[in-house]
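J.: Sharing a structure with you now.
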Amino acid sequence: MRFPKVLILILNWNGKTDTLECLASLAAAQPNPLFSTLIVDNGSSDDSVHAIRAAYPDVPILETKKNLGFAGGNNAGIRWALGKSFEWILLLNNDTVVAPDLIKRLMDAAKKKPSVKIWGAKIYRYHDRGRIDHLGGFWDQTRAEFVSHASGQLDDGSFEEMQRVDYVCGAALLMHTSVPQTIGLLEESFFLLWEESDFCTRARHAGFEIWTAPQARIWHKVSASFIGGKPHMQYFWWRNRLLWIHRNCSPSEKKQIYIRLILPEIAKNMKLAFLKTAQVALLRLIGRSFNPERSGKARRYRAGCRGIWHYFMGRFGNCPNSYQRPS
């Protein structure tokens with residue numbers, strides 16, 4: 001029997017412990033002829049490359065030498081794969097562990113619907129094993145964001161049917177090589193967050209269908225990439241949400257979204273950033289103790305404001321260094 005050639009692409013950035021755990025789960029997967037694995041190291045400054053090579057000498061490592069973000073790092077791996085004879089590429093987050101039959105289940109789904117070229121696995125929360133973190137998402141025009149109806153739900157058996165969706169999470173996104181060959185690679189301006197929804201939207205506009213494969217399961221540690229916590233995430237969420245709207249909505253849609261949602265939300269975020277920051281400054285001035293959470297909220301709202309400002313200034317790529325440090 002001839003198996004489709006699948007490349008599992010794992011991006012590592014200073015995450016050797018997570019990556020080694022992910023590789024260990026893949027080593028238990030069945031059967032190995034279904035897939036090959038490539039590690040893309042995104043300029044790690046720890047000893048990730050040495051540790052991974054020592055533990056898995058047969059797994060190739062492509063070193064970018066600098067942090068290119070989720071989009072740029074995965075693009076390096078996708079380019080590498082397109083130069084080989086792979087039919088499918090699975091983007092798999094390094095902070096995941098997989099079910100032993102993950103690839104088999106994905107290939108079973110692809111066999112059932114051969115016209116579908118993008119699939120997403122059922123993603124559970126690593127620290128709450130029965131709770132779904134993501135199972136495909138839909139664009140909600142009324143909220144100007146994507147929603148995943150299964151997110152946060154306990155898996156009670158109600159989420160077993162394959163479903164056509166608007167996008168699937170990049171933590172476990174299977175694409176046929178014909179997709180990047182047709183629409184190009186991930187947009188690197190996003191750097192981190194919203195890039196897979198942009199990729200899927202472009203794919204849909206090019207005529208590709210996107211489906212979930214709920215029998216294919218992984219467990220995700222969720223947001224391990226956001227080393228600076230909520231401010232780190234808030235910066236990218238705001239900046240890249242605006243970038244996504246700019247790239248994927250029509251002029252009339254953008255006008256409605258900005259008037260009805262974006263401008264009021266920006267004003268609210270700026271107001272809260274000012275108020276929380278002022279509260280913290282006043283308490284410090286009079287020598288009063290304060291709840292550290294209040295300072296964290298102020299930092300988070302300021303990060304959102306910075307992301308908004310950088311979008312309008314056309315500054316993309318990575319976020320400021322201050323948001324890459326824990327609160």
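For the structure tokens, the naming scheme is as follows: chains receive sequential letters (A, B, ...) according to their order of presentation, residues are indexed from 1 within each chain, and ligands are indexed from 1 in presentation order.
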I'd like the neighbourhood of Arg300 in chain A as a PyMOL selection string, where a residue qualifies if any of its atoms comes within 8 Å (using only C-alpha atoms), though same-chain residues fewer than 4 positions away should be ignored.

T.: chain A and resi 230-232+234-235+273+296+304

J.: Put those residues in a file: N, CA and C atoms, as a compact mmCIF listing (two decimals), in the first residue's frame.

T.:
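Contents of again-v1.txt, as written:
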# COMPACT_ATOMS: atom_id res chain seq x y z
N LYS A 230 -0.34 38.13 28.71
CA LYS A 230 -1.46 38.80 28.05
C LYS A 230 -1.08 40.07 27.30
N PRO A 231 -0.15 40.90 27.80
CA PRO A 231 0.25 42.07 27.00
C PRO A 231 0.85 41.67 25.66
N HIS A 232 1.68 40.62 25.66
CA HIS A 232 2.28 40.12 24.43
C HIS A 232 1.19 39.72 23.43
N GLN A 234 -2.02 40.63 23.52
CA GLN A 234 -2.90 41.77 23.21
C GLN A 234 -2.31 42.63 22.11
N TYR A 235 -1.00 42.84 22.14
CA TYR A 235 -0.35 43.63 21.10
C TYR A 235 -0.61 43.00 19.73
N ALA A 273 -6.73 52.01 29.17
CA ALA A 273 -5.28 52.09 29.34
C ALA A 273 -4.91 53.32 30.16
N GLY A 296 -1.11 44.86 35.87
CA GLY A 296 -1.11 43.97 34.70
C GLY A 296 -2.14 44.38 33.67
N GLY A 304 -2.27 46.86 23.82
CA GLY A 304 -3.26 46.95 22.75
C GLY A 304 -3.17 48.28 22.02

J.: Set the distance at 9 Å and use only C-alpha atoms: which residues neighbour Asn74 in chain A once local chain neighbours fewer than 6 positions away are removed? I'd like the list as a tab-separated table (two decimals) with N, CA and C atoms, in the first residue's frame.

T.:
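Saved to selection_24.tsv:
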chain	number	residue	atom	x	y	z
A	9	LEU	N	5.79	19.60	10.05
A	9	LEU	CA	6.66	20.77	10.19
A	9	LEU	C	6.47	21.35	11.58
A	10	ILE	N	7.52	21.29	12.40
A	10	ILE	CA	7.47	21.78	13.78
A	10	ILE	C	8.42	22.95	13.92
A	11	LEU	N	7.89	24.08	14.34
A	11	LEU	CA	8.68	25.29	14.53
A	11	LEU	C	9.12	25.38	15.99
A	40	VAL	N	12.08	23.24	12.25
A	40	VAL	CA	12.63	24.53	11.86
A	40	VAL	C	12.97	25.27	13.14
A	68	LEU	N	11.98	34.51	12.96
A	68	LEU	CA	11.17	34.99	11.84
A	68	LEU	C	9.68	34.98	12.17
A	91	LEU	N	1.39	21.67	9.58
A	91	LEU	CA	1.95	22.61	10.53
A	91	LEU	C	1.51	22.16	11.92
A	185	LEU	N	2.63	31.69	0.30
A	185	LEU	CA	2.92	31.27	1.67
A	185	LEU	C	2.15	32.10	2.70
A	186	LEU	N	2.41	31.85	3.97
A	186	LEU	CA	1.84	32.66	5.04
A	186	LEU	C	2.35	34.10	4.92

J.: Residues at most 9 Å from range 140-148 of chain A, counting only C-alpha atoms, excluding those fewer than 3 positions away in the same chain, as a PyMOL selection string?

T.: chain A and resi 133-137+151+166-167+197+241+245+253+257+260-262

J.: Can you tell me, as a ChimeraX atom specification, what residues are no more than 6 Å from range 110-124 of chain A when counting only C-alpha atoms, ignoring any on the same chain fewer than 2 positions away?

T.: /A:107-108,131-135,168,172-176,209-214,216-219

J.: How would the residues just chosen look if you wrote them out with N, CA and C atoms as a short mmCIF file (atom, residue, chain, number, x, y, z; two decimals), in the first residue's frame?

T.:
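Full text of result_38.cif as output:
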data_model
loop_
_atom_site.label_atom_id
_atom_site.label_comp_id
_atom_site.auth_asym_id
_atom_site.auth_seq_id
_atom_site.Cartn_x
_atom_site.Cartn_y
_atom_site.Cartn_z
N MET A 107 -5.32 11.46 7.15
CA MET A 107 -5.33 10.88 5.81
C MET A 107 -6.65 10.17 5.51
N ASP A 108 -7.26 9.59 6.54
CA ASP A 108 -8.59 8.99 6.36
C ASP A 108 -9.60 10.06 5.94
N ARG A 131 -11.23 18.93 27.40
CA ARG A 131 -11.85 20.18 26.97
C ARG A 131 -11.26 20.63 25.63
N ILE A 132 -12.13 20.96 24.71
CA ILE A 132 -11.71 21.36 23.37
C ILE A 132 -11.22 22.80 23.40
N ASP A 133 -10.08 23.03 22.80
CA ASP A 133 -9.58 24.39 22.66
C ASP A 133 -9.95 24.97 21.31
N HIS A 134 -9.92 24.15 20.27
CA HIS A 134 -10.23 24.67 18.93
C HIS A 134 -10.66 23.54 18.01
N LEU A 135 -11.67 23.80 17.21
CA LEU A 135 -12.10 22.86 16.19
C LEU A 135 -12.71 23.64 15.03
N VAL A 168 -8.94 26.94 10.05
CA VAL A 168 -8.53 26.02 11.10
C VAL A 168 -7.26 26.56 11.75
N ALA A 172 -2.39 22.85 14.31
CA ALA A 172 -2.45 21.55 13.63
C ALA A 172 -3.20 21.73 12.33
N LEU A 173 -2.52 22.31 11.35
CA LEU A 173 -3.14 22.63 10.06
C LEU A 173 -2.47 21.80 8.97
N LEU A 174 -3.27 20.95 8.33
CA LEU A 174 -2.78 20.11 7.24
C LEU A 174 -3.15 20.75 5.91
N MET A 175 -2.13 20.99 5.09
CA MET A 175 -2.38 21.57 3.76
C MET A 175 -1.78 20.68 2.68
N HIS A 176 -2.50 20.53 1.58
CA HIS A 176 -1.93 19.89 0.40
C HIS A 176 -0.94 20.87 -0.22
N GLU A 209 -11.55 24.30 -0.24
CA GLU A 209 -12.42 24.10 0.92
C GLU A 209 -11.58 23.79 2.14
N ILE A 210 -12.09 24.15 3.32
CA ILE A 210 -11.39 23.94 4.59
C ILE A 210 -12.34 23.18 5.51
N TRP A 211 -11.85 22.06 6.03
CA TRP A 211 -12.70 21.20 6.85
C TRP A 211 -11.98 20.80 8.14
N THR A 212 -12.79 20.42 9.12
CA THR A 212 -12.23 19.84 10.34
C THR A 212 -12.21 18.33 10.23
N ALA A 213 -11.25 17.73 10.92
CA ALA A 213 -11.13 16.26 11.01
C ALA A 213 -11.13 15.90 12.49
N PRO A 214 -12.30 15.79 13.12
CA PRO A 214 -12.37 15.64 14.58
C PRO A 214 -11.78 14.34 15.12
N ALA A 216 -8.93 13.27 14.32
CA ALA A 216 -7.50 13.54 14.46
C ALA A 216 -7.33 14.46 15.67
N ARG A 217 -6.57 14.03 16.66
CA ARG A 217 -6.57 14.73 17.95
C ARG A 217 -5.15 15.11 18.39
N ILE A 218 -5.05 16.32 18.95
CA ILE A 218 -3.82 16.75 19.61
C ILE A 218 -4.19 17.47 20.91
N TRP A 219 -3.19 17.65 21.77
CA TRP A 219 -3.37 18.40 23.01
C TRP A 219 -2.38 19.56 23.01
#

J.: Could you pull out the residues in range 53-271 of chain A that DSSP calls strand (DSSP E or B) from the backbone, as a count of residues only?

T.: 53

J.: Can you tell me which residues surround Cys22 in chain A at a distance of at most 10 Å, considering only C-alpha atoms, apart from same-chain residues fewer than 3 positions away, and format the answer as a list in words?

T.: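 Once the adjacent positions are removed, what remains is Ile10, Lys16, Thr17, Asp18, Thr19, Ser25, Leu26, Ala27, Leu92, Asn93, Asn94, Asp95, Thr96, Val97, Val98, Ile218, Trp219 and His220 of chain A.
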
J.: Write the residues you've just listed into a file as a PDB file, in the first residue's frame, and include N, CA and C atoms for each of them.

T.:
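Resulting contents of part_1.pdb:
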ATOM      1  N   ILE A  10       7.521  21.294  12.398  1.00  0.00           N
ATOM      2  CA  ILE A  10       7.466  21.778  13.779  1.00  0.00           C
ATOM      3  C   ILE A  10       8.424  22.950  13.922  1.00  0.00           C
ATOM      4  N   LYS A  16      12.866  23.853  23.706  1.00  0.00           N
ATOM      5  CA  LYS A  16      13.349  22.481  23.566  1.00  0.00           C
ATOM      6  C   LYS A  16      12.529  21.481  24.375  1.00  0.00           C
ATOM      7  N   THR A  17      12.095  21.869  25.596  1.00  0.00           N
ATOM      8  CA  THR A  17      11.334  20.924  26.423  1.00  0.00           C
ATOM      9  C   THR A  17      10.024  20.558  25.744  1.00  0.00           C
ATOM     10  N   ASP A  18       9.313  21.566  25.253  1.00  0.00           N
ATOM     11  CA  ASP A  18       8.052  21.307  24.552  1.00  0.00           C
ATOM     12  C   ASP A  18       8.296  20.511  23.275  1.00  0.00           C
ATOM     13  N   THR A  19       9.306  20.895  22.514  1.00  0.00           N
ATOM     14  CA  THR A  19       9.572  20.226  21.238  1.00  0.00           C
ATOM     15  C   THR A  19       9.946  18.768  21.449  1.00  0.00           C
ATOM     16  N   SER A  25       5.859  12.159  21.392  1.00  0.00           N
ATOM     17  CA  SER A  25       4.508  11.692  21.063  1.00  0.00           C
ATOM     18  C   SER A  25       4.429  11.238  19.605  1.00  0.00           C
ATOM     19  N   LEU A  26       5.170  11.915  18.734  1.00  0.00           N
ATOM     20  CA  LEU A  26       5.195  11.495  17.326  1.00  0.00           C
ATOM     21  C   LEU A  26       5.917  10.163  17.166  1.00  0.00           C
ATOM     22  N   ALA A  27       6.931   9.927  17.992  1.00  0.00           N
ATOM     23  CA  ALA A  27       7.673   8.674  17.910  1.00  0.00           C
ATOM     24  C   ALA A  27       6.782   7.478  18.231  1.00  0.00           C
ATOM     25  N   LEU A  92       2.493  21.861  12.766  1.00  0.00           N
ATOM     26  CA  LEU A  92       2.198  21.341  14.105  1.00  0.00           C
ATOM     27  C   LEU A  92       2.954  22.160  15.133  1.00  0.00           C
ATOM     28  N   ASN A  93       2.234  22.774  16.058  1.00  0.00           N
ATOM     29  CA  ASN A  93       2.894  23.539  17.116  1.00  0.00           C
ATOM     30  C   ASN A  93       3.800  22.642  17.953  1.00  0.00           C
ATOM     31  N   ASN A  94       4.924  23.197  18.372  1.00  0.00           N
ATOM     32  CA  ASN A  94       5.848  22.405  19.186  1.00  0.00           C
ATOM     33  C   ASN A  94       5.321  22.174  20.598  1.00  0.00           C
ATOM     34  N   ASP A  95       4.380  23.019  21.061  1.00  0.00           N
ATOM     35  CA  ASP A  95       3.837  22.854  22.412  1.00  0.00           C
ATOM     36  C   ASP A  95       2.580  21.987  22.400  1.00  0.00           C
ATOM     37  N   THR A  96       2.648  20.912  21.634  1.00  0.00           N
ATOM     38  CA  THR A  96       1.535  19.967  21.537  1.00  0.00           C
ATOM     39  C   THR A  96       2.049  18.545  21.735  1.00  0.00           C
ATOM     40  N   VAL A  97       1.126  17.662  22.084  1.00  0.00           N
ATOM     41  CA  VAL A  97       1.366  16.223  21.976  1.00  0.00           C
ATOM     42  C   VAL A  97       0.228  15.672  21.131  1.00  0.00           C
ATOM     43  N   VAL A  98       0.517  14.577  20.419  1.00  0.00           N
ATOM     44  CA  VAL A  98      -0.440  14.079  19.442  1.00  0.00           C
ATOM     45  C   VAL A  98      -0.934  12.691  19.810  1.00  0.00           C
ATOM     46  N   ILE A 218      -5.054  16.324  18.953  1.00  0.00           N
ATOM     47  CA  ILE A 218      -3.825  16.752  19.605  1.00  0.00           C
ATOM     48  C   ILE A 218      -4.192  17.467  20.914  1.00  0.00           C
ATOM     49  N   TRP A 219      -3.188  17.653  21.769  1.00  0.00           N
ATOM     50  CA  TRP A 219      -3.368  18.398  23.015  1.00  0.00           C
ATOM     51  C   TRP A 219      -2.377  19.558  23.015  1.00  0.00           C
ATOM     52  N   HIS A 220      -2.893  20.760  23.240  1.00  0.00           N
ATOM     53  CA  HIS A 220      -2.120  21.997  23.047  1.00  0.00           C
ATOM     54  C   HIS A 220      -1.955  22.726  24.374  1.00  0.00           C
TER      55      HIS A 220
END

J.: For Arg239 in chain A, which residue among A:Leu154, A:Ile266, A:Val59, A:Leu82 is the nearest when counting only C-alpha atoms?

T.: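 Answer, going by the shortest atom-to-atom distance: A:Ile266.
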
J.: Using only C-alpha atoms, which protein or nucleic acid residues come within 9 Å of Met270 in chain A? Drop anything in the same chain fewer than 5 positions from it, and give the result as a ChimeraX atom specification.

T.: /A:265,275,301-302,304-305

J.: Which residues, written as a PyMOL selection string, have at least one atom at most 9 Å from Asn75 in chain A, with only C-alpha atoms counted and residues fewer than 3 positions away on the same chain left out?

T.: chain A and resi 70-72+78-80+185-188

J.: My list of candidates is A:Asn14, A:Ile259, A:Asn240, A:Gln215. Which is closest to Ala109 in chain A when distances are computed with only C-alpha atoms?

T.: A:Gln215

J.: So which one's closest to Pro33 in chain A, A:Leu242, A:Val165, A:Leu192, A:Val6? Using only C-alpha atoms, please.

T.: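 Of A:Leu242, A:Val165, A:Leu192, A:Val6, the one nearest Pro33 in chain A, counting only C-alpha atoms, is A:Val6.
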
J.: Using only C-alpha atoms, which of the listed residues (A:Arg105, A:His205, A:Lys65, A:Arg306) sits closest to Pro320 in chain A?

T.: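 Of the candidates, the smallest distance to Pro320 in chain A is held by A:Arg306.
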
J.: As a PyMOL selection string, please: all residues of range 66-313 of chain A that backbone DSSP puts in helix (DSSP H, G or I).

T.: chain A and resi 69-82+102-112+178-183+195-205+229-248+251-285+292-313

J.: Can you write out the residues you just picked, keeping C-alpha atoms, as a short mmCIF file (atom, residue, chain, number, x, y, z; two decimals), in the first residue's frame?

T.:
data_model
loop_
_atom_site.label_atom_id
_atom_site.label_comp_id
_atom_site.auth_asym_id
_atom_site.auth_seq_id
_atom_site.Cartn_x
_atom_site.Cartn_y
_atom_site.Cartn_z
CA GLY A 69 7.93 34.53 13.77
CA PHE A 70 5.33 31.81 13.25
CA ALA A 71 4.70 32.87 9.67
CA GLY A 72 8.31 33.34 8.56
CA GLY A 73 9.61 30.25 10.32
CA ASN A 74 6.90 28.01 8.91
CA ASN A 75 7.42 29.54 5.47
CA ALA A 76 11.06 28.42 5.57
CA GLY A 77 9.85 24.87 6.21
CA ILE A 78 7.13 25.05 3.57
CA ARG A 79 9.68 26.18 0.97
CA TRP A 80 11.91 23.28 1.97
CA ALA A 81 8.99 20.83 1.62
CA LEU A 82 7.94 22.19 -1.78
CA LEU A 102 -3.11 11.55 14.24
CA ILE A 103 -1.70 11.28 10.72
CA LYS A 104 -3.73 8.19 9.86
CA ARG A 105 -6.92 9.98 10.91
CA LEU A 106 -6.03 13.06 8.85
CA MET A 107 -5.33 10.88 5.81
CA ASP A 108 -8.59 8.99 6.36
CA ALA A 109 -10.44 12.32 6.27
CA ALA A 110 -8.58 13.40 3.12
CA LYS A 111 -9.49 10.09 1.47
CA LYS A 112 -13.18 10.59 2.28
CA SER A 178 -1.11 22.53 -4.13
CA VAL A 179 -2.40 25.20 -1.74
CA PRO A 180 0.85 27.18 -1.19
CA GLN A 181 1.76 26.51 -4.81
CA THR A 182 -1.47 28.29 -5.78
CA ILE A 183 -1.87 31.10 -3.22
CA GLU A 195 -1.69 34.49 9.94
CA GLU A 196 -3.43 31.12 9.57
CA SER A 197 -6.86 32.76 9.29
CA ASP A 198 -5.44 35.03 6.58
CA PHE A 199 -3.96 31.99 4.80
CA CYS A 200 -7.25 30.09 4.99
CA THR A 201 -9.24 33.09 3.79
CA ARG A 202 -6.97 33.46 0.76
CA ALA A 203 -7.31 29.72 0.12
CA ARG A 204 -11.11 29.91 0.24
CA HIS A 205 -11.10 32.82 -2.19
CA GLY A 229 1.72 36.82 28.76
CA LYS A 230 -1.46 38.80 28.05
CA PRO A 231 0.25 42.07 27.00
CA HIS A 232 2.28 40.12 24.43
CA MET A 233 -0.89 38.53 23.05
CA GLN A 234 -2.90 41.77 23.21
CA TYR A 235 -0.35 43.63 21.10
CA PHE A 236 -0.48 41.05 18.29
CA TRP A 237 -4.21 40.50 18.55
CA TRP A 238 -5.02 44.16 18.01
CA ARG A 239 -2.38 44.94 15.38
CA ASN A 240 -2.99 41.79 13.35
CA ARG A 241 -6.76 41.94 13.62
CA LEU A 242 -6.62 45.35 11.91
CA LEU A 243 -4.20 43.97 9.33
CA TRP A 244 -6.50 41.03 8.62
CA ILE A 245 -9.47 43.35 8.10
CA HIS A 246 -7.39 45.53 5.77
CA ARG A 247 -6.29 42.54 3.69
CA ASN A 248 -9.52 40.56 3.53
CA PRO A 251 -14.11 48.68 1.25
CA SER A 252 -17.78 48.70 2.21
CA GLU A 253 -17.24 45.98 4.82
CA LYS A 254 -14.27 47.85 6.29
CA LYS A 255 -16.30 51.05 6.54
CA GLN A 256 -19.12 49.31 8.41
CA ILE A 257 -16.73 47.42 10.71
CA TYR A 258 -14.76 50.53 11.62
CA ILE A 259 -17.79 52.72 12.30
CA ARG A 260 -19.76 50.10 14.22
CA LEU A 261 -17.00 48.22 16.04
CA ILE A 262 -13.37 49.14 15.60
CA LEU A 263 -13.39 52.86 16.43
CA PRO A 264 -15.56 52.41 19.57
CA GLU A 265 -13.36 49.48 20.68
CA ILE A 266 -10.19 51.52 20.11
CA ALA A 267 -11.62 54.41 22.12
CA LYS A 268 -12.59 52.04 24.96
CA ASN A 269 -9.15 50.39 24.98
CA MET A 270 -7.39 53.77 25.08
CA LYS A 271 -9.66 55.00 27.88
CA LEU A 272 -9.02 51.88 29.98
CA ALA A 273 -5.28 52.09 29.34
CA PHE A 274 -5.27 55.69 30.59
CA LEU A 275 -7.47 55.02 33.63
CA LYS A 276 -5.63 51.88 34.78
CA THR A 277 -2.23 53.51 34.31
CA ALA A 278 -3.37 56.62 36.18
CA GLN A 279 -4.71 54.52 39.06
CA VAL A 280 -1.42 52.66 39.43
CA ALA A 281 0.60 55.91 39.23
CA LEU A 282 -1.59 57.61 41.85
CA LEU A 283 -1.34 54.70 44.28
CA ARG A 284 2.43 54.66 43.89
CA LEU A 285 2.58 58.44 44.41
CA PRO A 292 -0.65 43.68 41.00
CA GLU A 293 -3.47 42.62 38.70
CA ARG A 294 -4.37 46.29 38.27
CA SER A 295 -0.85 47.01 36.99
CA GLY A 296 -1.11 43.97 34.70
CA LYS A 297 -4.36 45.25 33.22
CA ALA A 298 -2.83 48.66 32.60
CA ARG A 299 0.09 47.03 30.79
CA ARG A 300 -2.27 44.89 28.74
CA TYR A 301 -4.37 47.84 27.60
CA ARG A 302 -1.24 49.82 26.78
CA ALA A 303 0.00 46.89 24.70
CA GLY A 304 -3.26 46.95 22.75
CA CYS A 305 -2.86 50.68 22.16
CA ARG A 306 0.71 50.14 20.95
CA GLY A 307 -0.48 47.42 18.57
CA ILE A 308 -3.14 49.75 17.17
CA TRP A 309 -0.61 52.56 16.75
CA HIS A 310 1.90 50.29 15.04
CA TYR A 311 -0.75 49.08 12.60
CA PHE A 312 -1.55 52.63 11.52
CA MET A 313 2.17 53.45 11.38
#

J.: What is the distance between CA of Thr64 in chain A and CA of Trp194 in chain A, in Å to one decimal?

T.: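 Spanning CA of Thr64 in chain A to CA of Trp194 in chain A is a straight-line distance of 21.8 Å.
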
J.: Restricting the calculation to only C-alpha atoms: of A:Asn318, A:Val222, A:Asp156, A:Asn42, which residue gets closest to Cys169 in chain A?

T.: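 Among the listed residues, the smallest separation from Cys169 in chain A belongs to A:Val222.
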
J.: Figure out the distance between CA of Ser48 in chain A and CA of Lys66 in chain A, please, to one decimal in Å.

T.: 13.4 Å

J.: If you measure from CA of Leu62 in chain A to CA of Tyr126 in chain A, what distance in Å do you get, rounded to one decimal?

T.: 26.9 Å
